[in-house]
$ cat coords.pdb   # PDB, C-alpha atoms and all ligand atoms
ATOM      1  CA  MET A   1      29.861  11.831   1.847
ATOM      2  CA  SER A   2      26.906  10.843  -0.378
ATOM      3  CA  ARG A   3      24.143   8.667   0.979
ATOM      4  CA  ILE A   4      23.652   5.462  -1.011
ATOM      5  CA  ALA A   5      20.524   3.470  -1.926
ATOM      6  CA  VAL A   6      20.478   0.060  -3.582
ATOM      7  CA  VAL A   7      17.554  -1.828  -5.121
ATOM      8  CA  THR A   8      17.897  -5.469  -6.193
ATOM      9  CA  GLY A   9      16.087  -6.919  -9.213
ATOM     10  CA  ALA A  10      15.394  -3.435 -10.499
ATOM     11  CA  ASN A  11      15.564  -3.765 -14.274
ATOM     12  CA  LYS A  12      11.774  -4.066 -14.455
ATOM     13  CA  GLY A  13       8.528  -4.242 -12.493
ATOM     14  CA  ILE A  14       8.243  -2.923  -8.954
ATOM     15  CA  GLY A  15      12.013  -2.628  -8.479
ATOM     16  CA  TYR A  16      12.324  -0.341 -11.489
ATOM     17  CA  ALA A  17       9.516   1.861 -10.152
ATOM     18  CA  ILE A  18      11.188   1.996  -6.716
ATOM     19  CA  VAL A  19      14.438   3.186  -8.353
ATOM     20  CA  LYS A  20      12.541   5.876 -10.233
ATOM     21  CA  ASP A  21      10.897   7.094  -7.007
ATOM     22  CA  LEU A  22      14.173   7.019  -5.098
ATOM     23  CA  CYS A  23      15.804   9.086  -7.858
ATOM     24  CA  ARG A  24      13.090  11.676  -7.205
ATOM     25  CA  GLU A  25      12.967  11.566  -3.432
ATOM     26  CA  PHE A  26      16.172  10.128  -1.962
ATOM     27  CA  ASP A  27      18.910  12.605  -1.184
ATOM     28  CA  GLY A  28      21.852  10.621  -2.515
ATOM     29  CA  VAL A  29      23.061   8.148  -5.115
ATOM     30  CA  VAL A  30      20.654   5.413  -6.282
ATOM     31  CA  TYR A  31      21.865   2.057  -7.636
ATOM     32  CA  LEU A  32      19.671   0.113 -10.024
ATOM     33  CA  THR A  33      21.015  -3.431  -9.866
ATOM     34  CA  SER A  34      20.153  -6.326 -12.105
ATOM     35  CA  ARG A  35      21.421  -9.883 -12.554
ATOM     36  CA  ASN A  36      21.631  -9.294 -16.287
ATOM     37  CA  GLU A  37      24.001  -6.544 -17.393
ATOM     38  CA  GLU A  38      22.210  -5.791 -20.661
ATOM     39  CA  ARG A  39      18.719  -5.600 -19.142
ATOM     40  CA  GLY A  40      20.060  -3.472 -16.300
ATOM     41  CA  GLN A  41      21.859  -1.022 -18.587
ATOM     42  CA  ALA A  42      18.777  -0.765 -20.788
ATOM     43  CA  ALA A  43      16.661   0.087 -17.723
ATOM     44  CA  VAL A  44      19.151   2.746 -16.621
ATOM     45  CA  ASN A  45      19.216   4.244 -20.112
ATOM     46  CA  LYS A  46      15.421   4.372 -20.146
ATOM     47  CA  LEU A  47      15.389   6.223 -16.834
ATOM     48  CA  LYS A  48      18.104   8.599 -18.057
ATOM     49  CA  LYS A  49      15.956   9.468 -21.068
ATOM     50  CA  ASP A  50      13.210  10.420 -18.590
ATOM     51  CA  GLY A  51      15.589  12.723 -16.735
ATOM     52  CA  PHE A  52      16.581  10.444 -13.828
ATOM     53  CA  ASN A  53      20.140   9.584 -12.972
ATOM     54  CA  PRO A  54      20.552   6.168 -11.330
ATOM     55  CA  LYS A  55      23.839   4.274 -11.386
ATOM     56  CA  PHE A  56      24.055   0.664 -12.491
ATOM     57  CA  HIS A  57      25.794  -2.370 -11.012
ATOM     58  CA  GLN A  58      25.396  -6.021 -11.885
ATOM     59  CA  LEU A  59      24.071  -8.058  -8.953
ATOM     60  CA  ASP A  60      22.780 -11.621  -9.005
ATOM     61  CA  ILE A  61      21.537 -12.373  -5.518
ATOM     62  CA  THR A  62      22.144 -16.115  -5.991
ATOM     63  CA  ASP A  63      25.780 -15.719  -7.036
ATOM     64  CA  ASP A  64      28.448 -15.437  -4.336
ATOM     65  CA  SER A  65      31.037 -13.848  -6.613
ATOM     66  CA  SER A  66      28.579 -11.275  -7.996
ATOM     67  CA  VAL A  67      27.512 -10.311  -4.469
ATOM     68  CA  GLU A  68      31.131 -10.156  -3.301
ATOM     69  CA  ARG A  69      32.099  -7.923  -6.246
ATOM     70  CA  PHE A  70      29.260  -5.544  -5.486
ATOM     71  CA  ARG A  71      30.055  -5.447  -1.770
ATOM     72  CA  GLU A  72      33.706  -4.614  -2.470
ATOM     73  CA  TYR A  73      32.680  -1.990  -5.017
ATOM     74  CA  LEU A  74      30.341  -0.281  -2.543
ATOM     75  CA  LYS A  75      32.925  -0.402   0.211
ATOM     76  CA  GLU A  76      35.698   1.058  -1.952
ATOM     77  CA  THR A  77      33.583   3.632  -3.765
ATOM     78  CA  HIS A  78      31.269   4.839  -1.027
ATOM     79  CA  GLY A  79      32.455   3.280   2.235
ATOM     80  CA  GLY A  80      28.909   2.265   3.201
ATOM     81  CA  LEU A  81      25.231   2.004   2.426
ATOM     82  CA  ASP A  82      22.079   3.771   3.710
ATOM     83  CA  VAL A  83      19.072   2.202   1.979
ATOM     84  CA  LEU A  84      18.746  -1.408   0.830
ATOM     85  CA  VAL A  85      15.591  -2.609  -0.928
ATOM     86  CA  ASN A  86      15.610  -6.397  -1.326
ATOM     87  CA  ASN A  87      13.135  -6.575  -4.177
ATOM     88  CA  GLY A  88      14.514  -9.206  -6.591
ATOM     89  CA  GLY A  89      12.537 -12.430  -6.622
ATOM     90  CA  ILE A  90      10.837 -15.105  -8.689
ATOM     91  CA  SER A  91       7.586 -17.011  -8.838
ATOM     92  CA  PHE A  92       6.730 -19.929 -11.118
ATOM     93  CA  MET A  93       3.633 -19.660 -13.277
ATOM     94  CA  PHE A  94       0.914 -22.217 -12.512
ATOM     95  CA  ASP A  95       1.534 -23.997 -15.794
ATOM     96  CA  ALA A  96       5.337 -24.095 -15.460
ATOM     97  CA  PRO A  97       6.787 -27.470 -16.496
ATOM     98  CA  GLU A  98       8.978 -27.875 -13.387
ATOM     99  CA  THR A  99       7.999 -30.424 -10.747
ATOM    100  CA  PHE A 100       6.918 -29.195  -7.324
ATOM    101  CA  PRO A 101      10.244 -30.113  -5.653
ATOM    102  CA  GLN A 102      12.118 -28.259  -8.433
ATOM    103  CA  ARG A 103       9.968 -25.171  -7.972
ATOM    104  CA  VAL A 104      10.477 -25.267  -4.230
ATOM    105  CA  ALA A 105      14.253 -25.595  -4.461
ATOM    106  CA  GLU A 106      14.564 -22.782  -7.018
ATOM    107  CA  THR A 107      12.081 -20.403  -5.385
ATOM    108  CA  LEU A 108      13.715 -20.756  -1.991
ATOM    109  CA  ARG A 109      17.175 -20.462  -3.575
ATOM    110  CA  VAL A 110      16.314 -17.035  -4.952
ATOM    111  CA  ASN A 111      13.658 -15.553  -2.663
ATOM    112  CA  TYR A 112      14.938 -16.677   0.721
ATOM    113  CA  PHE A 113      18.572 -17.778   0.412
ATOM    114  CA  GLY A 114      19.421 -15.106  -2.185
ATOM    115  CA  LEU A 115      17.946 -12.356  -0.034
ATOM    116  CA  LEU A 116      19.763 -13.748   3.002
ATOM    117  CA  ARG A 117      23.043 -13.752   1.048
ATOM    118  CA  ILE A 118      22.607 -10.031   0.268
ATOM    119  CA  CYS A 119      21.856  -9.255   3.902
ATOM    120  CA  LYS A 120      24.907 -11.110   5.164
ATOM    121  CA  ALA A 121      27.132  -9.356   2.624
ATOM    122  CA  LEU A 122      25.755  -5.826   2.848
ATOM    123  CA  PHE A 123      24.511  -5.423   6.424
ATOM    124  CA  PRO A 124      28.082  -4.823   7.680
ATOM    125  CA  LEU A 125      28.185  -1.774   5.350
ATOM    126  CA  LEU A 126      24.981  -0.205   6.673
ATOM    127  CA  ARG A 127      25.533   3.155   8.310
ATOM    128  CA  PRO A 128      23.583   4.541  11.292
ATOM    129  CA  HIS A 129      19.944   5.413  10.363
ATOM    130  CA  SER A 130      19.926   2.923   7.466
ATOM    131  CA  ARG A 131      16.621   1.602   6.177
ATOM    132  CA  VAL A 132      16.218  -1.943   4.853
ATOM    133  CA  VAL A 133      13.078  -2.991   2.990
ATOM    134  CA  GLN A 134      12.380  -6.686   2.464
ATOM    135  CA  VAL A 135       9.833  -7.086  -0.304
ATOM    136  CA  SER A 136       7.566  -9.872   0.919
ATOM    137  CA  SER A 137       3.986 -10.471  -0.230
ATOM    138  CA  SER A 138       0.409 -10.878   0.942
ATOM    139  CA  VAL A 139       1.239 -14.579   1.182
ATOM    140  CA  GLY A 140       4.225 -13.739   3.370
ATOM    141  CA  HIS A 141       1.835 -13.316   6.295
ATOM    142  CA  LEU A 142       2.059 -15.920   9.058
ATOM    143  CA  CYS A 143      -1.632 -16.797   8.624
ATOM    144  CA  LYS A 144      -0.655 -18.615   5.409
ATOM    145  CA  ILE A 145       1.006 -21.361   7.463
ATOM    146  CA  GLN A 146      -1.388 -24.071   8.618
ATOM    147  CA  GLY A 147       0.743 -26.137  11.006
ATOM    148  CA  ALA A 148       0.285 -24.916  14.587
ATOM    149  CA  GLU A 149       3.770 -25.981  15.641
ATOM    150  CA  LEU A 150       5.411 -24.316  12.651
ATOM    151  CA  LYS A 151       3.400 -21.180  13.270
ATOM    152  CA  ALA A 152       4.431 -21.022  16.907
ATOM    153  CA  ARG A 153       8.094 -21.461  16.005
ATOM    154  CA  LEU A 154       7.954 -18.799  13.288
ATOM    155  CA  ALA A 155       6.206 -16.369  15.625
ATOM    156  CA  SER A 156       8.580 -16.941  18.523
ATOM    157  CA  ARG A 157      10.675 -13.988  19.654
ATOM    158  CA  GLU A 158      13.381 -16.540  20.436
ATOM    159  CA  LEU A 159      13.661 -17.779  16.836
ATOM    160  CA  THR A 160      17.184 -17.303  15.487
ATOM    161  CA  GLU A 161      18.272 -16.720  11.899
ATOM    162  CA  GLU A 162      20.004 -20.111  11.901
ATOM    163  CA  GLU A 163      16.849 -21.875  13.109
ATOM    164  CA  LEU A 164      14.675 -20.103  10.538
ATOM    165  CA  THR A 165      17.118 -20.947   7.759
ATOM    166  CA  GLN A 166      17.088 -24.588   8.868
ATOM    167  CA  MET A 167      13.260 -24.523   8.736
ATOM    168  CA  MET A 168      13.485 -23.280   5.141
ATOM    169  CA  ARG A 169      15.904 -26.127   4.308
ATOM    170  CA  ASN A 170      13.554 -28.587   5.996
ATOM    171  CA  PHE A 171      10.710 -27.365   3.782
ATOM    172  CA  VAL A 172      12.838 -27.951   0.654
ATOM    173  CA  ASP A 173      13.658 -31.478   1.867
ATOM    174  CA  ALA A 174      10.050 -32.224   2.845
ATOM    175  CA  ALA A 175       8.819 -31.019  -0.560
ATOM    176  CA  ALA A 176      11.298 -33.379  -2.245
ATOM    177  CA  MET A 177       9.754 -36.274  -0.287
ATOM    178  CA  ASN A 178       6.194 -34.951  -0.604
ATOM    179  CA  THR A 179       5.840 -34.808   3.187
ATOM    180  CA  HIS A 180       5.602 -31.006   3.420
ATOM    181  CA  LYS A 181       1.820 -30.941   3.937
ATOM    182  CA  GLU A 182       1.859 -33.344   6.857
ATOM    183  CA  ALA A 183       4.683 -31.220   8.308
ATOM    184  CA  GLY A 184       2.266 -28.258   8.285
ATOM    185  CA  TRP A 185       3.595 -26.360   5.255
ATOM    186  CA  PRO A 186       1.345 -25.031   2.500
ATOM    187  CA  ASN A 187       1.570 -26.410  -1.021
ATOM    188  CA  SER A 188       3.258 -23.281  -2.367
ATOM    189  CA  SER A 189       6.970 -22.626  -2.682
ATOM    190  CA  TYR A 190       6.402 -18.901  -3.131
ATOM    191  CA  THR A 191       4.309 -18.652   0.052
ATOM    192  CA  VAL A 192       6.936 -20.349   2.201
ATOM    193  CA  SER A 193       9.737 -18.257   0.684
ATOM    194  CA  LYS A 194       7.895 -15.039   1.536
ATOM    195  CA  VAL A 195       6.855 -16.159   5.030
ATOM    196  CA  GLY A 196      10.562 -16.842   5.501
ATOM    197  CA  VAL A 197      11.419 -13.307   4.356
ATOM    198  CA  SER A 198       8.866 -11.775   6.748
ATOM    199  CA  ALA A 199      10.080 -13.880   9.671
ATOM    200  CA  LEU A 200      13.694 -13.034   8.852
ATOM    201  CA  SER A 201      12.971  -9.296   9.008
ATOM    202  CA  ARG A 202      11.689  -9.632  12.573
ATOM    203  CA  ILE A 203      14.838 -11.493  13.628
ATOM    204  CA  GLN A 204      17.068  -8.964  11.862
ATOM    205  CA  GLN A 205      15.393  -6.034  13.613
ATOM    206  CA  ARG A 206      16.044  -7.645  16.993
ATOM    207  CA  ALA A 207      19.739  -7.828  16.042
ATOM    208  CA  PHE A 208      19.774  -4.193  14.835
ATOM    209  CA  ASP A 209      18.207  -3.116  18.138
ATOM    210  CA  LYS A 210      21.373  -4.359  19.849
ATOM    211  CA  ASP A 211      23.735  -3.075  17.154
ATOM    212  CA  PRO A 212      26.187  -0.316  18.113
ATOM    213  CA  ARG A 213      25.190   1.486  14.904
ATOM    214  CA  GLU A 214      22.248   3.663  15.825
ATOM    215  CA  ASP A 215      18.710   3.443  14.448
ATOM    216  CA  ILE A 216      18.997   0.804  11.734
ATOM    217  CA  VAL A 217      15.524  -0.298  10.703
ATOM    218  CA  VAL A 218      14.244  -3.224   8.667
ATOM    219  CA  ASN A 219      10.645  -3.899   7.634
ATOM    220  CA  ALA A 220       8.881  -6.406   5.386
ATOM    221  CA  VAL A 221       6.287  -5.152   2.924
ATOM    222  CA  HIS A 222       3.456  -6.438   0.780
ATOM    223  CA  PRO A 223       3.626  -4.111  -2.241
ATOM    224  CA  GLY A 224       0.113  -4.921  -3.484
ATOM    225  CA  SER A 225      -1.201  -6.955  -6.384
ATOM    226  CA  VAL A 226       0.855  -5.411  -9.150
ATOM    227  CA  ILE A 227       0.716  -5.714 -12.920
ATOM    228  CA  THR A 228       4.170  -7.119 -13.689
ATOM    229  CA  ASP A 229       5.696 -10.096 -15.481
ATOM    230  CA  MET A 230       5.638 -12.007 -12.203
ATOM    231  CA  SER A 231       1.881 -11.700 -11.806
ATOM    232  CA  GLY A 232       1.342 -12.561 -15.478
ATOM    233  CA  LYS A 233       0.173  -8.934 -15.782
ATOM    234  CA  LEU A 234      -2.908  -9.937 -13.764
ATOM    235  CA  GLY A 235      -2.530  -7.569 -10.835
ATOM    236  CA  THR A 236      -4.697  -4.565 -10.112
ATOM    237  CA  MET A 237      -2.041  -1.902  -9.468
ATOM    238  CA  THR A 238       0.597  -0.243 -11.598
ATOM    239  CA  PRO A 239       4.269  -0.831 -10.683
ATOM    240  CA  GLU A 240       4.363   2.859  -9.647
ATOM    241  CA  ARG A 241       1.578   2.207  -7.150
ATOM    242  CA  GLY A 242       3.347  -1.000  -6.028
ATOM    243  CA  ALA A 243       6.479   1.037  -5.305
ATOM    244  CA  GLN A 244       4.648   3.324  -2.898
ATOM    245  CA  ALA A 245       4.912   1.314   0.356
ATOM    246  CA  PRO A 246       8.493   0.137  -0.300
ATOM    247  CA  LEU A 247       9.437   3.790  -0.902
ATOM    248  CA  TYR A 248       7.676   4.878   2.287
ATOM    249  CA  LEU A 249       9.683   2.306   4.263
ATOM    250  CA  ALA A 250      12.955   3.175   2.499
ATOM    251  CA  LEU A 251      12.530   6.818   3.526
ATOM    252  CA  LEU A 252      11.242   6.379   7.096
ATOM    253  CA  PRO A 253      12.418   9.312   9.212
ATOM    254  CA  LYS A 254      15.127   9.101  11.852
ATOM    255  CA  TYR A 255      14.100   7.220  15.022
ATOM    256  CA  THR A 256      10.915   5.871  13.468
ATOM    257  CA  GLU A 257       8.844   3.482  15.557
ATOM    258  CA  ILE A 258       8.007   1.435  12.463
ATOM    259  CA  LYS A 259      10.611  -1.283  12.656
ATOM    260  CA  GLY A 260      10.609  -5.063  12.448
ATOM    261  CA  GLU A 261       7.070  -4.814  11.099
ATOM    262  CA  TYR A 262       5.069  -6.342   8.269
ATOM    263  CA  VAL A 263       3.541  -3.470   6.310
ATOM    264  CA  TRP A 264       0.670  -3.522   3.824
ATOM    265  CA  HIS A 265       0.704  -1.694   0.474
ATOM    266  CA  ASP A 266      -1.334   1.154   1.968
ATOM    267  CA  ASN A 267       1.428   1.669   4.589
ATOM    268  CA  THR A 268      -0.627   0.071   7.382
ATOM    269  CA  VAL A 269       1.346  -1.905   9.947
ATOM    270  CA  MET A 270      -0.222  -5.368  10.171
ATOM    271  CA  ASP A 271      -0.267  -7.826  13.054
ATOM    272  CA  TRP A 272       1.866 -10.584  11.527
ATOM    273  CA  VAL A 273       1.496 -12.999  14.423
ATOM    274  CA  ASN A 274      -2.185 -12.885  15.376
ATOM    275  CA  GLY A 275      -3.789 -10.949  12.539
ATOM    276  CA  GLU A 276      -5.154 -11.906   9.155
ATOM    277  CA  VAL A 277      -4.390 -10.369   5.802
ATOM    278  CA  LYS A 278      -6.954  -8.014   4.311
ATOM    279  CA  THR A 279      -9.405  -9.991   2.238
ATOM    280  CA  PHE A 280      -9.516  -9.906  -1.513
ATOM    281  CA  ARG A 281     -12.386 -10.336  -3.890
ATOM    282  CA  PRO A 282     -12.870 -14.095  -4.362
ATOM    283  CA  ASP A 283     -12.235 -13.674  -8.087
ATOM    284  CA  SER A 284      -9.117 -11.592  -7.492
ATOM    285  CA  PRO A 285      -5.957 -12.844  -9.146
ATOM    286  CA  ASN A 286      -4.039 -11.762  -6.057
ATOM    287  CA  LEU A 287      -1.825 -14.672  -5.163
ATOM    288  CA  TYR A 288       1.403 -12.767  -4.876
TER     289      TYR A 288
HETATM  290  N1  LIG B 301       3.685  -8.327  -8.729
HETATM  291  C1  LIG B 301       3.025  -8.563  -7.614
HETATM  292  O1  LIG B 301       1.781  -8.575  -7.589
HETATM  293  C2  LIG B 301       3.767  -8.799  -6.324
HETATM  294  C3  LIG B 301       3.002  -8.962  -5.151
HETATM  295  C4  LIG B 301       3.674  -9.180  -3.935
HETATM  296  C5  LIG B 301       5.055  -9.223  -3.910
HETATM  297  N2  LIG B 301       5.770  -9.061  -5.076
HETATM  298  C6  LIG B 301       7.237  -9.097  -4.960
HETATM  299  O2  LIG B 301       7.763  -7.901  -5.516
HETATM  300  C7  LIG B 301       9.090  -8.138  -5.996
HETATM  301  C8  LIG B 301       9.200  -7.633  -7.424
HETATM  302  O3  LIG B 301       8.314  -8.398  -8.217
HETATM  303  P1  LIG B 301       7.711  -7.896  -9.611
HETATM  304  O4  LIG B 301       6.265  -8.176  -9.578
HETATM  305  O5  LIG B 301       8.230  -6.576  -9.945
HETATM  306  O6  LIG B 301       8.343  -9.034 -10.567
HETATM  307  P2  LIG B 301       9.150  -8.958 -11.933
HETATM  308  O7  LIG B 301       8.641  -7.893 -12.809
HETATM  309  O8  LIG B 301       9.189 -10.375 -12.404
HETATM  310  O9  LIG B 301      10.616  -8.507 -11.441
HETATM  311  C9  LIG B 301      11.405  -9.343 -10.657
HETATM  312  C10 LIG B 301      12.811  -8.808 -10.672
HETATM  313  O10 LIG B 301      13.636  -9.672  -9.872
HETATM  314  C11 LIG B 301      14.774  -9.992 -10.629
HETATM  315  N3  LIG B 301      15.453 -11.209 -10.217
HETATM  316  C12 LIG B 301      15.049 -12.478 -10.337
HETATM  317  N4  LIG B 301      16.005 -13.307  -9.917
HETATM  318  C13 LIG B 301      17.057 -12.534  -9.531
HETATM  319  C14 LIG B 301      18.346 -12.801  -9.040
HETATM  320  N5  LIG B 301      18.803 -14.057  -8.878
HETATM  321  N6  LIG B 301      19.173 -11.763  -8.751
HETATM  322  C15 LIG B 301      18.750 -10.494  -8.919
HETATM  323  N7  LIG B 301      17.549 -10.174  -9.413
HETATM  324  C16 LIG B 301      16.701 -11.199  -9.707
HETATM  325  C17 LIG B 301      14.275 -10.054 -12.062
HETATM  326  O11 LIG B 301      15.342 -10.029 -12.987
HETATM  327  P3  LIG B 301      15.182 -10.614 -14.505
HETATM  328  O12 LIG B 301      14.499  -9.535 -15.325
HETATM  329  O13 LIG B 301      16.592 -10.861 -14.888
HETATM  330  O14 LIG B 301      14.358 -11.858 -14.409
HETATM  331  C18 LIG B 301      13.425  -8.812 -12.085
HETATM  332  O15 LIG B 301      14.209  -7.668 -12.250
HETATM  333  C19 LIG B 301       9.335  -9.639  -5.843
HETATM  334  O16 LIG B 301      10.064  -9.887  -4.675
HETATM  335  C20 LIG B 301       7.927 -10.206  -5.720
HETATM  336  O17 LIG B 301       7.913 -11.421  -5.026
HETATM  337  C21 LIG B 301       5.174  -8.856  -6.267
END
$ encode --input "coords.pdb" --output "structure tokens" --more "lines below"
Ligand SMILES: NC(=O)c1ccc[n+]([C@@H]2O[C@H](COP(=O)([O-])OP(=O)(O)OC[C@H]3O[C@@H](n4cnc5c(N)ncnc54)[C@H](OP(=O)(O)O)[C@@H]3O)[C@@H](O)[C@H]2O)c1
Amino acid sequence: MSRIAVVTGANKGIGYAIVKDLCREFDGVVYLTSRNEERGQAAVNKLKKDGFNPKFHQLDITDDSSVERFREYLKETHGGLDVLVNNGGISFMFDAPETFPQRVAETLRVNYFGLLRICKALFPLLRPHSRVVQVSSSVGHLCKIQGAELKARLASRELTEEELTQMMRNFVDAAAMNTHKEAGWPNSSYTVSKVGVSALSRIQQRAFDKDPREDIVVNAVHPGSVITDMSGKLGTMTPERGAQAPLYLALLPKYTEIKGEYVWHDNTVMDWVNGEVKTFRPDSPNLY
């Protein structure tokens, strides 16, 4: 039976580069998924021209029926899944016309709730020794949250997925009423969405540790400051370089000790609870 890898939001940017690397290094079938059929097929065709052979499937992480179709397809065609890279995401440009509450609702809808939807749908298909990579960000580090109470709750080993998800909903509601800052949240929808993703990975690993399926591992990763559409092409690294740490985590060997961690783009395991993120040049465009 073939091993199966899936990357979300892979028609461009870091996701596309991760697919390319997996085609080279993963011993199995690689799925490039995209919410838009045409853009996804075009990306697959481009890779085929370069000698790679990914498969394509449509997948919009915000759409229940799209996710359900993909889950059924995977189940029927392959019976399971071995590598899942949750890469798809959005970030509003600074000059976007949307109001702050609109940005918050949409960013959380895609980056947190969309990713969670994929996990709920596909985790039951994961086989023993599966690797899950949650693409977070430098701003997905806990140090980006100011409120002491929020920080303590997010860091708690007792935090459940339901409680975390309710905290994300509370942020959306607080942003709509402009009370998010007094509640201890930062003034950035993207930051909260990625802190949510990092916190979720820790909770998910605790569940995998008790799972009868052996050695399933999930980690969150900051891929670096990468030159993509999302960063307005202002990053410092190529998408190929940005794919490096996600690839490393997707291919972690059997019985790895690196699990439930927050990993930097140079593959260093960071202290998410008590540490700080590595500093950037003050003029760096790194906000992602
Ligand atoms: N670039 C950076 O410096 C940086 C730094 C830290 C973290 N990240 C993270 O890295 C990941 C990839 O970002 P990138 O820089 O490569 O951005 P990008 O070039 O804008 O690519 C984002 C991808 O996500 C897809 N996507 C958006 N909404 C989706 C949905 N509802 N369902 C499925 N796919 C969806 C996009 O599809 P469309 O083409 O259809 O829009 C696109 O393929 C993101 O999670 C981002 O937050 C990036």
$ closest_atom_pairs --input "coords.pdb" --of "chain A" --to "ligand LIG 301 (chain B)" --cutoff "6 Å" --atoms "all atoms listed in the file" --output "tab-separated table"
residue	atom	partner	partner_atom	distance
A:Thr8	CA	B:LIG301	N7	5.7
A:Gly9	CA	B:LIG301	N7	3.6
A:Ala10	CA	B:LIG301	O15	4.7
A:Asn11	CA	B:LIG301	O15	4.6
A:Lys12	CA	B:LIG301	O15	4.9
A:Gly13	CA	B:LIG301	O5	3.5
A:Ile14	CA	B:LIG301	O5	3.8
A:Gly15	CA	B:LIG301	O5	5.7
A:Ser34	CA	B:LIG301	N7	5.4
A:Arg35	CA	B:LIG301	C15	4.6
A:Asn36	CA	B:LIG301	O13	5.5
A:Leu59	CA	B:LIG301	C15	5.9
A:Asp60	CA	B:LIG301	N6	3.6
A:Ile61	CA	B:LIG301	N6	4.1
A:Thr62	CA	B:LIG301	N5	4.9
A:Asn87	CA	B:LIG301	O16	4.5
A:Gly88	CA	B:LIG301	O10	3.4
A:Gly89	CA	B:LIG301	O16	4.0
A:Ile90	CA	B:LIG301	C12	5.2
A:Val110	CA	B:LIG301	N5	5.5
A:Val135	CA	B:LIG301	O16	5.2
A:Ser136	CA	B:LIG301	C5	5.5
A:Ser137	CA	B:LIG301	C4	3.9
A:His222	CA	B:LIG301	C4	5.5
A:Pro223	CA	B:LIG301	C4	5.3
A:Gly224	CA	B:LIG301	C3	5.2
A:Ser225	CA	B:LIG301	O1	3.6
A:Val226	CA	B:LIG301	O1	3.6
A:Ile227	CA	B:LIG301	N1	5.8
A:Thr228	CA	B:LIG301	O7	4.6
A:Asp229	CA	B:LIG301	O7	4.5
A:Met230	CA	B:LIG301	O8	3.9
A:Ser231	CA	B:LIG301	N1	4.9
A:Gly235	CA	B:LIG301	O1	5.5
A:Tyr288	CA	B:LIG301	C3	4.1
$ write_last_selection --input "coords.pdb" --atoms "C-alpha atoms" --output "PDB file, in the coordinates of the input"
ATOM      1  CA  THR A   8      17.897  -5.469  -6.193  1.00  0.00           C
ATOM      2  CA  GLY A   9      16.087  -6.919  -9.213  1.00  0.00           C
ATOM      3  CA  ALA A  10      15.394  -3.435 -10.499  1.00  0.00           C
ATOM      4  CA  ASN A  11      15.564  -3.765 -14.274  1.00  0.00           C
ATOM      5  CA  LYS A  12      11.774  -4.066 -14.455  1.00  0.00           C
ATOM      6  CA  GLY A  13       8.528  -4.242 -12.493  1.00  0.00           C
ATOM      7  CA  ILE A  14       8.243  -2.923  -8.954  1.00  0.00           C
ATOM      8  CA  GLY A  15      12.013  -2.628  -8.479  1.00  0.00           C
ATOM      9  CA  SER A  34      20.153  -6.326 -12.105  1.00  0.00           C
ATOM     10  CA  ARG A  35      21.421  -9.883 -12.554  1.00  0.00           C
ATOM     11  CA  ASN A  36      21.631  -9.294 -16.287  1.00  0.00           C
ATOM     12  CA  LEU A  59      24.071  -8.058  -8.953  1.00  0.00           C
ATOM     13  CA  ASP A  60      22.780 -11.621  -9.005  1.00  0.00           C
ATOM     14  CA  ILE A  61      21.537 -12.373  -5.518  1.00  0.00           C
ATOM     15  CA  THR A  62      22.144 -16.115  -5.991  1.00  0.00           C
ATOM     16  CA  ASN A  87      13.135  -6.575  -4.177  1.00  0.00           C
ATOM     17  CA  GLY A  88      14.514  -9.206  -6.591  1.00  0.00           C
ATOM     18  CA  GLY A  89      12.537 -12.430  -6.622  1.00  0.00           C
ATOM     19  CA  ILE A  90      10.837 -15.105  -8.689  1.00  0.00           C
ATOM     20  CA  VAL A 110      16.314 -17.035  -4.952  1.00  0.00           C
ATOM     21  CA  VAL A 135       9.833  -7.086  -0.304  1.00  0.00           C
ATOM     22  CA  SER A 136       7.566  -9.872   0.919  1.00  0.00           C
ATOM     23  CA  SER A 137       3.986 -10.471  -0.230  1.00  0.00           C
ATOM     24  CA  HIS A 222       3.456  -6.438   0.780  1.00  0.00           C
ATOM     25  CA  PRO A 223       3.626  -4.111  -2.241  1.00  0.00           C
ATOM     26  CA  GLY A 224       0.113  -4.921  -3.484  1.00  0.00           C
ATOM     27  CA  SER A 225      -1.201  -6.955  -6.384  1.00  0.00           C
ATOM     28  CA  VAL A 226       0.855  -5.411  -9.150  1.00  0.00           C
ATOM     29  CA  ILE A 227       0.716  -5.714 -12.920  1.00  0.00           C
ATOM     30  CA  THR A 228       4.170  -7.119 -13.689  1.00  0.00           C
ATOM     31  CA  ASP A 229       5.696 -10.096 -15.481  1.00  0.00           C
ATOM     32  CA  MET A 230       5.638 -12.007 -12.203  1.00  0.00           C
ATOM     33  CA  SER A 231       1.881 -11.700 -11.806  1.00  0.00           C
ATOM     34  CA  GLY A 235      -2.530  -7.569 -10.835  1.00  0.00           C
ATOM     35  CA  TYR A 288       1.403 -12.767  -4.876  1.00  0.00           C
TER      36      TYR A 288
END
$ atom_distance --input "coords.pdb" --atom1 "CA of Val277 (chain A)" --atom2 "CA of Leu22 (chain A)"
27.7 Å
$ resolve_selection --input "coords.pdb" --expression "the PyMOL selection byres (((chain A and resi 171) around 10) and not hetatm)" --output "list in words"
Pro101, Val104, Ala105, Leu108, Thr165, Gln166, Met167, Met168, Arg169, Asn170, Val172, Asp173, Ala174, Ala175, Ala176, Met177, Asn178, Thr179, His180, Lys181, Ala183, Gly184, Trp185, Pro186, Ser189, Val192 and Ser193 of chain A
$ residues_around --input "coords.pdb" --residues "Val218 (chain A)" --least-positions-apart "4" --cutoff "12 Å" --atoms "only C-alpha atoms" --output "ChimeraX atom specification"
/A:82-86,119,123,126,129-135,197-209,246,249-252,256-263
$ resolve_selection --input "coords.pdb" --expression "the PyMOL selection byres (((chain A and resi 21) around 12) and not hetatm)" --output "number ranges by chain"
A: 5, 7, 10, 14-20, 22-27, 30, 32, 47, 52-54, 239-248, 250-251
